$ cat entry_23.txt   # compact mmCIF, N, CA and C atoms
# COMPACT_ATOMS: atom_id res chain seq x y z
N MET L 582 104.09 142.56 89.74
CA MET L 582 104.81 141.62 90.58
C MET L 582 103.81 140.74 91.31
N LEU L 583 104.04 139.44 91.29
CA LEU L 583 103.16 138.49 91.95
C LEU L 583 103.51 138.38 93.43
N THR L 584 102.47 138.22 94.24
CA THR L 584 102.69 137.98 95.67
C THR L 584 103.00 136.50 95.86
N ASP L 585 103.47 136.14 97.04
CA ASP L 585 103.74 134.73 97.32
C ASP L 585 102.47 133.90 97.17
N SER L 586 101.33 134.45 97.61
CA SER L 586 100.07 133.73 97.48
C SER L 586 99.74 133.44 96.03
N GLU L 587 100.02 134.37 95.16
CA GLU L 587 99.74 134.18 93.73
C GLU L 587 100.76 133.24 93.08
N ARG L 588 102.00 133.35 93.47
CA ARG L 588 103.05 132.50 92.89
C ARG L 588 102.92 131.05 93.31
N PHE L 589 102.44 130.84 94.52
CA PHE L 589 102.37 129.48 95.05
C PHE L 589 100.93 129.06 95.30
N ALA L 590 100.06 129.40 94.38
CA ALA L 590 98.64 129.09 94.51
C ALA L 590 98.34 127.69 93.99
N PHE L 591 98.91 126.70 94.62
CA PHE L 591 98.66 125.31 94.26
C PHE L 591 98.87 124.45 95.50
N THR L 592 98.35 123.27 95.43
CA THR L 592 98.55 122.31 96.51
C THR L 592 99.33 121.13 95.96
N ALA L 593 100.44 120.85 96.56
CA ALA L 593 101.24 119.69 96.12
C ALA L 593 100.56 118.41 96.59
N ARG L 594 100.54 117.41 95.74
CA ARG L 594 99.95 116.11 96.08
C ARG L 594 101.01 115.04 95.93
N ARG L 595 101.08 114.16 96.90
CA ARG L 595 102.02 113.04 96.81
C ARG L 595 101.27 111.82 96.31
N ILE L 596 101.86 111.17 95.33
CA ILE L 596 101.31 109.93 94.79
C ILE L 596 102.36 108.84 95.03
N HIS L 597 101.97 107.81 95.74
CA HIS L 597 102.87 106.72 96.07
C HIS L 597 102.54 105.54 95.15
N GLY L 598 103.51 105.08 94.39
CA GLY L 598 103.30 103.97 93.47
C GLY L 598 103.76 102.64 94.07
N PHE L 599 102.98 101.60 93.80
CA PHE L 599 103.27 100.28 94.33
C PHE L 599 103.05 99.21 93.26
N ALA L 600 103.68 98.08 93.43
CA ALA L 600 103.53 96.95 92.50
C ALA L 600 102.26 96.16 92.78
N SER L 601 101.74 96.24 94.00
CA SER L 601 100.52 95.50 94.33
C SER L 601 99.77 96.22 95.44
N THR L 602 98.49 95.91 95.55
CA THR L 602 97.69 96.51 96.62
C THR L 602 98.14 95.99 97.99
N GLY L 603 98.66 94.77 98.02
CA GLY L 603 99.20 94.24 99.28
C GLY L 603 100.37 95.09 99.75
N ASN L 604 101.26 95.43 98.83
CA ASN L 604 102.40 96.28 99.18
C ASN L 604 101.92 97.66 99.63
N ALA L 605 100.92 98.21 98.92
CA ALA L 605 100.40 99.53 99.26
C ALA L 605 99.78 99.51 100.66
N TYR L 606 98.98 98.50 100.93
CA TYR L 606 98.34 98.38 102.24
C TYR L 606 99.39 98.32 103.34
N ASP L 607 100.37 97.43 103.16
CA ASP L 607 101.41 97.28 104.17
C ASP L 607 102.18 98.57 104.39
N ALA L 608 102.47 99.28 103.30
CA ALA L 608 103.23 100.52 103.41
C ALA L 608 102.47 101.59 104.19
N THR L 609 101.15 101.64 104.02
CA THR L 609 100.38 102.64 104.77
C THR L 609 100.40 102.36 106.27
N GLN L 610 100.67 101.11 106.62
CA GLN L 610 100.70 100.73 108.02
C GLN L 610 102.07 100.90 108.67
N THR L 611 103.12 100.93 107.84
CA THR L 611 104.47 100.90 108.39
C THR L 611 105.36 102.07 108.00
N ASP L 612 105.02 102.81 106.94
CA ASP L 612 105.89 103.88 106.43
C ASP L 612 105.36 105.24 106.90
N ASP L 613 106.10 105.87 107.79
CA ASP L 613 105.69 107.16 108.32
C ASP L 613 105.71 108.27 107.27
N GLN L 614 106.35 108.01 106.14
CA GLN L 614 106.41 109.01 105.07
C GLN L 614 105.11 109.09 104.28
N ILE L 615 104.21 108.14 104.45
CA ILE L 615 102.92 108.13 103.76
C ILE L 615 101.88 108.69 104.73
N ALA L 616 101.37 109.86 104.38
CA ALA L 616 100.40 110.53 105.25
C ALA L 616 98.98 110.16 104.86
N SER L 617 98.11 110.18 105.82
CA SER L 617 96.70 109.93 105.57
C SER L 617 96.19 110.94 104.56
N GLY L 618 95.44 110.45 103.56
CA GLY L 618 94.91 111.31 102.52
C GLY L 618 95.72 111.33 101.24
N GLU L 619 96.96 110.86 101.29
CA GLU L 619 97.77 110.84 100.08
C GLU L 619 97.29 109.74 99.14
N THR L 620 97.63 109.90 97.88
CA THR L 620 97.14 109.00 96.83
C THR L 620 98.04 107.78 96.68
N LEU L 621 97.40 106.62 96.52
CA LEU L 621 98.10 105.36 96.27
C LEU L 621 97.80 104.94 94.83
N LEU L 622 98.84 104.66 94.07
CA LEU L 622 98.68 104.22 92.68
C LEU L 622 99.25 102.82 92.55
N ILE L 623 98.41 101.89 92.15
CA ILE L 623 98.83 100.51 91.93
C ILE L 623 98.54 100.21 90.46
N LEU L 624 99.44 100.68 89.62
CA LEU L 624 99.23 100.62 88.17
C LEU L 624 99.06 99.20 87.65
N PRO L 625 99.85 98.21 88.10
CA PRO L 625 99.69 96.85 87.56
C PRO L 625 98.29 96.26 87.80
N GLU L 626 97.61 96.71 88.85
CA GLU L 626 96.28 96.19 89.16
C GLU L 626 95.16 97.13 88.71
N GLY L 627 95.52 98.31 88.19
CA GLY L 627 94.51 99.27 87.75
C GLY L 627 93.72 99.86 88.90
N ILE L 628 94.41 100.16 89.99
CA ILE L 628 93.75 100.63 91.21
C ILE L 628 94.38 101.92 91.70
N VAL L 629 93.52 102.84 92.13
CA VAL L 629 93.96 104.06 92.81
C VAL L 629 93.24 104.11 94.14
N GLY L 630 93.97 104.48 95.18
CA GLY L 630 93.37 104.52 96.51
C GLY L 630 93.80 105.74 97.28
N VAL L 631 93.33 105.80 98.52
CA VAL L 631 93.66 106.88 99.44
C VAL L 631 94.29 106.27 100.68
N ALA L 632 95.45 106.81 101.07
CA ALA L 632 96.15 106.31 102.25
C ALA L 632 95.37 106.68 103.52
N HIS L 633 95.31 105.73 104.40
CA HIS L 633 94.60 105.89 105.67
C HIS L 633 94.97 104.68 106.51
N CYS L 634 94.64 104.67 107.79
CA CYS L 634 94.90 103.46 108.58
C CYS L 634 94.07 102.30 108.03
N TRP L 635 92.99 102.60 107.33
CA TRP L 635 92.21 101.63 106.57
C TRP L 635 92.22 102.13 105.12
N PRO L 636 93.32 101.92 104.39
CA PRO L 636 93.41 102.48 103.03
C PRO L 636 92.29 101.95 102.14
N PHE L 637 91.69 102.84 101.37
CA PHE L 637 90.57 102.43 100.54
C PHE L 637 90.78 102.80 99.08
N ALA L 638 90.15 102.02 98.22
CA ALA L 638 90.23 102.25 96.78
C ALA L 638 89.13 103.22 96.36
N VAL L 639 89.44 104.06 95.37
CA VAL L 639 88.42 104.90 94.76
C VAL L 639 87.96 104.28 93.44
N THR L 640 88.65 103.24 93.05
CA THR L 640 88.31 102.53 91.82
C THR L 640 87.34 101.40 92.13
N GLN L 641 86.68 100.95 91.07
CA GLN L 641 85.72 99.85 91.23
C GLN L 641 86.43 98.58 91.68
N VAL L 642 87.60 98.33 91.13
CA VAL L 642 88.43 97.20 91.57
C VAL L 642 89.18 97.66 92.81
N THR L 643 89.16 96.86 93.86
CA THR L 643 89.80 97.29 95.12
C THR L 643 91.06 96.52 95.48
N GLY L 644 91.23 95.31 94.94
CA GLY L 644 92.38 94.50 95.32
C GLY L 644 92.37 94.27 96.82
N ASN L 645 93.51 94.49 97.46
CA ASN L 645 93.62 94.31 98.91
C ASN L 645 93.29 95.57 99.70
N LEU L 646 92.92 96.64 99.01
CA LEU L 646 92.48 97.85 99.72
C LEU L 646 91.01 97.68 100.09
N HIS L 647 90.55 98.49 101.00
CA HIS L 647 89.16 98.42 101.43
C HIS L 647 88.27 99.07 100.38
N GLY L 648 87.07 98.55 100.25
CA GLY L 648 86.03 99.22 99.48
C GLY L 648 85.27 100.12 100.45
N VAL L 649 84.51 101.04 99.92
CA VAL L 649 83.76 101.95 100.79
C VAL L 649 82.26 101.84 100.50
N GLN L 650 81.49 102.21 101.50
CA GLN L 650 80.03 102.22 101.37
C GLN L 650 79.49 103.46 102.07
N PRO L 651 79.57 104.62 101.38
CA PRO L 651 79.01 105.82 102.02
C PRO L 651 77.53 105.63 102.30
N LYS L 652 77.06 106.26 103.36
CA LYS L 652 75.64 106.20 103.69
C LYS L 652 74.84 106.92 102.61
N ALA L 653 73.62 106.52 102.41
CA ALA L 653 72.78 107.07 101.34
C ALA L 653 72.63 108.59 101.44
N HIS L 654 72.55 109.12 102.63
CA HIS L 654 72.35 110.55 102.82
C HIS L 654 73.65 111.34 102.93
N GLU L 655 74.78 110.65 102.88
CA GLU L 655 76.08 111.25 103.15
C GLU L 655 76.59 112.06 101.95
N ALA L 656 77.06 113.26 102.21
CA ALA L 656 77.71 114.08 101.19
C ALA L 656 79.21 113.80 101.22
N MET L 657 79.91 114.23 100.17
CA MET L 657 81.36 114.00 100.09
C MET L 657 82.07 114.57 101.31
N GLY L 658 81.69 115.75 101.76
CA GLY L 658 82.33 116.35 102.93
C GLY L 658 82.17 115.52 104.18
N ASP L 659 80.97 114.98 104.37
CA ASP L 659 80.72 114.12 105.53
C ASP L 659 81.55 112.85 105.46
N PHE L 660 81.61 112.27 104.27
CA PHE L 660 82.37 111.04 104.06
C PHE L 660 83.85 111.29 104.35
N ALA L 661 84.39 112.37 103.81
CA ALA L 661 85.81 112.69 104.02
C ALA L 661 86.09 112.95 105.50
N THR L 662 85.21 113.68 106.15
CA THR L 662 85.39 114.00 107.56
C THR L 662 85.42 112.73 108.41
N ALA L 663 84.62 111.75 108.05
CA ALA L 663 84.60 110.48 108.79
C ALA L 663 85.97 109.79 108.74
N PHE L 664 86.73 110.04 107.68
CA PHE L 664 88.06 109.46 107.54
C PHE L 664 89.17 110.42 107.99
N SER L 665 88.78 111.60 108.45
CA SER L 665 89.74 112.64 108.84
C SER L 665 90.67 113.03 107.70
N ILE L 666 90.11 113.09 106.49
CA ILE L 666 90.84 113.55 105.32
C ILE L 666 89.98 114.64 104.67
N THR L 667 90.49 115.22 103.59
CA THR L 667 89.73 116.29 102.93
C THR L 667 89.04 115.76 101.68
N THR L 668 88.04 116.50 101.24
CA THR L 668 87.39 116.13 99.98
C THR L 668 88.39 116.24 98.84
N ALA L 669 89.32 117.18 98.94
CA ALA L 669 90.35 117.33 97.91
C ALA L 669 91.20 116.07 97.80
N ASP L 670 91.46 115.39 98.91
CA ASP L 670 92.24 114.15 98.89
C ASP L 670 91.52 113.09 98.05
N ILE L 671 90.23 112.95 98.28
CA ILE L 671 89.44 111.95 97.55
C ILE L 671 89.30 112.35 96.09
N LYS L 672 89.01 113.61 95.85
CA LYS L 672 88.84 114.09 94.47
C LYS L 672 90.13 113.96 93.67
N ALA L 673 91.28 114.17 94.30
CA ALA L 673 92.56 114.03 93.60
C ALA L 673 92.78 112.58 93.18
N ALA L 674 92.47 111.65 94.06
CA ALA L 674 92.62 110.23 93.73
C ALA L 674 91.65 109.83 92.61
N ILE L 675 90.43 110.33 92.69
CA ILE L 675 89.44 110.02 91.65
C ILE L 675 89.87 110.62 90.31
N ALA L 676 90.39 111.85 90.34
CA ALA L 676 90.85 112.49 89.10
C ALA L 676 91.97 111.69 88.46
N LEU L 677 92.90 111.18 89.27
CA LEU L 677 93.99 110.37 88.73
C LEU L 677 93.45 109.09 88.11
N ALA L 678 92.56 108.43 88.83
CA ALA L 678 91.97 107.19 88.32
C ALA L 678 91.23 107.43 87.00
N MET L 679 90.48 108.52 86.92
CA MET L 679 89.76 108.84 85.69
C MET L 679 90.72 109.14 84.55
N ALA L 680 91.80 109.87 84.84
CA ALA L 680 92.79 110.20 83.82
C ALA L 680 93.46 108.94 83.27
N LEU L 681 93.57 107.93 84.10
CA LEU L 681 94.18 106.67 83.67
C LEU L 681 93.16 105.72 83.05
N GLY L 682 91.90 106.12 83.04
CA GLY L 682 90.85 105.30 82.44
C GLY L 682 90.36 104.17 83.31
N PHE L 683 90.59 104.25 84.62
CA PHE L 683 90.13 103.22 85.55
C PHE L 683 88.67 103.50 85.94
N ALA L 684 87.89 102.44 86.08
CA ALA L 684 86.49 102.59 86.50
C ALA L 684 86.45 103.04 87.97
N ILE L 685 85.63 104.06 88.24
CA ILE L 685 85.49 104.61 89.59
C ILE L 685 84.43 103.82 90.35
N ASP L 686 84.66 103.64 91.64
CA ASP L 686 83.69 103.00 92.51
C ASP L 686 82.36 103.76 92.36
N PRO L 687 81.28 103.07 92.00
CA PRO L 687 80.00 103.76 91.80
C PRO L 687 79.52 104.56 93.02
N ALA L 688 79.81 104.07 94.22
CA ALA L 688 79.40 104.79 95.43
C ALA L 688 80.10 106.13 95.54
N LEU L 689 81.38 106.17 95.18
CA LEU L 689 82.12 107.43 95.22
C LEU L 689 81.76 108.31 94.04
N ALA L 690 81.52 107.71 92.89
CA ALA L 690 81.11 108.48 91.70
C ALA L 690 79.82 109.23 91.99
N ALA L 691 78.93 108.60 92.75
CA ALA L 691 77.66 109.26 93.10
C ALA L 691 77.89 110.46 94.00
N LEU L 692 78.93 110.41 94.84
CA LEU L 692 79.21 111.52 95.73
C LEU L 692 79.79 112.73 95.00
N ILE L 693 80.47 112.49 93.87
CA ILE L 693 81.07 113.60 93.14
C ILE L 693 80.20 114.08 91.99
N ALA L 694 79.11 113.34 91.70
CA ALA L 694 78.23 113.74 90.61
C ALA L 694 77.53 115.04 90.95
N PRO L 695 77.43 115.95 89.95
CA PRO L 695 76.72 117.21 90.23
C PRO L 695 75.25 116.93 90.52
N THR L 696 74.72 117.67 91.46
CA THR L 696 73.30 117.51 91.80
C THR L 696 72.48 118.53 91.04
N ALA L 697 71.28 118.14 90.69
CA ALA L 697 70.42 119.03 89.90
C ALA L 697 69.66 119.99 90.77
$ encode --input "entry_23.txt" --output "structure tokens"
Amino acid sequence: MLTDSERFAFTARRIHGFASTGNAYDATQTDDQIASGETLLILPEGIVGVAHCWPFAVTQVTGNLHGVQPKAHEAMGDFATAFSITTADIKAAIALAMALGFAIDPALAALIAPTA
């Protein structure tokens, strides 16, 4: 018999789809149902982002979302903490973008690259 921990050993992720990055940006500012850290999908523009008061793209193309510039010494955990989100939030958005074949922002790709 499985315990509740074993049966429910997953994290649900919300993905919000939009027709444009402008719509996505506006929604993050006005829709209380979109929580910081949730994934934004703008399929017509080939963009995936992360909801935040300053929503940012994880893809190379940013549209109306913000681009990011992690500091050279910054690790993924430090970067996520600066936005008050989790590394899992960023990694989930990057995983979706990669699954869709979208180019990842090189600055973020460097943060998720395995270190030797």
$ closest_residue --input "entry_23.txt" --among "L:Ser617, L:Thr611, L:Thr584, L:Thr592" --to "Ser665 in chain L" --atoms "only N, CA and C atoms"
L:Ser617
$ atom_distance --input "entry_23.txt" --atom1 "atom C of Gln610 in chain L" --atom2 "CA of His633 in chain L"
9.5 Å
$ select_by_dssp --input "entry_23.txt" --residues "range 592-694 of chain L" --states "strand (DSSP E)" --output "MDAnalysis selection string"
chainID L and resid 596:598 620:623 628:631 637:638
$ closest_residue --input "entry_23.txt" --among "L:Leu689, L:Asp607, L:Ala616, L:Ala593" --to "Met657 in chain L" --atoms "only C-alpha atoms"
L:Leu689
$ closest_residue --input "entry_23.txt" --among "L:Ala688, L:His597, L:Ala605, L:Glu619" --to "Asn645 in chain L" --atoms "all atoms listed in the file"
L:Ala605
$ closest_residue --input "entry_23.txt" --among "L:Val629, L:Phe664, L:Cys634, L:Pro687" --to "Ile615 in chain L" --atoms "only C-alpha atoms"
L:Cys634
$ select_by_dssp --input "entry_23.txt" --residues "chain L" --states "alpha helix (DSSP H)" --output "VMD selection string"
chain L and resid 585 to 588 602 to 611 657 to 663 668 to 680 687 to 693
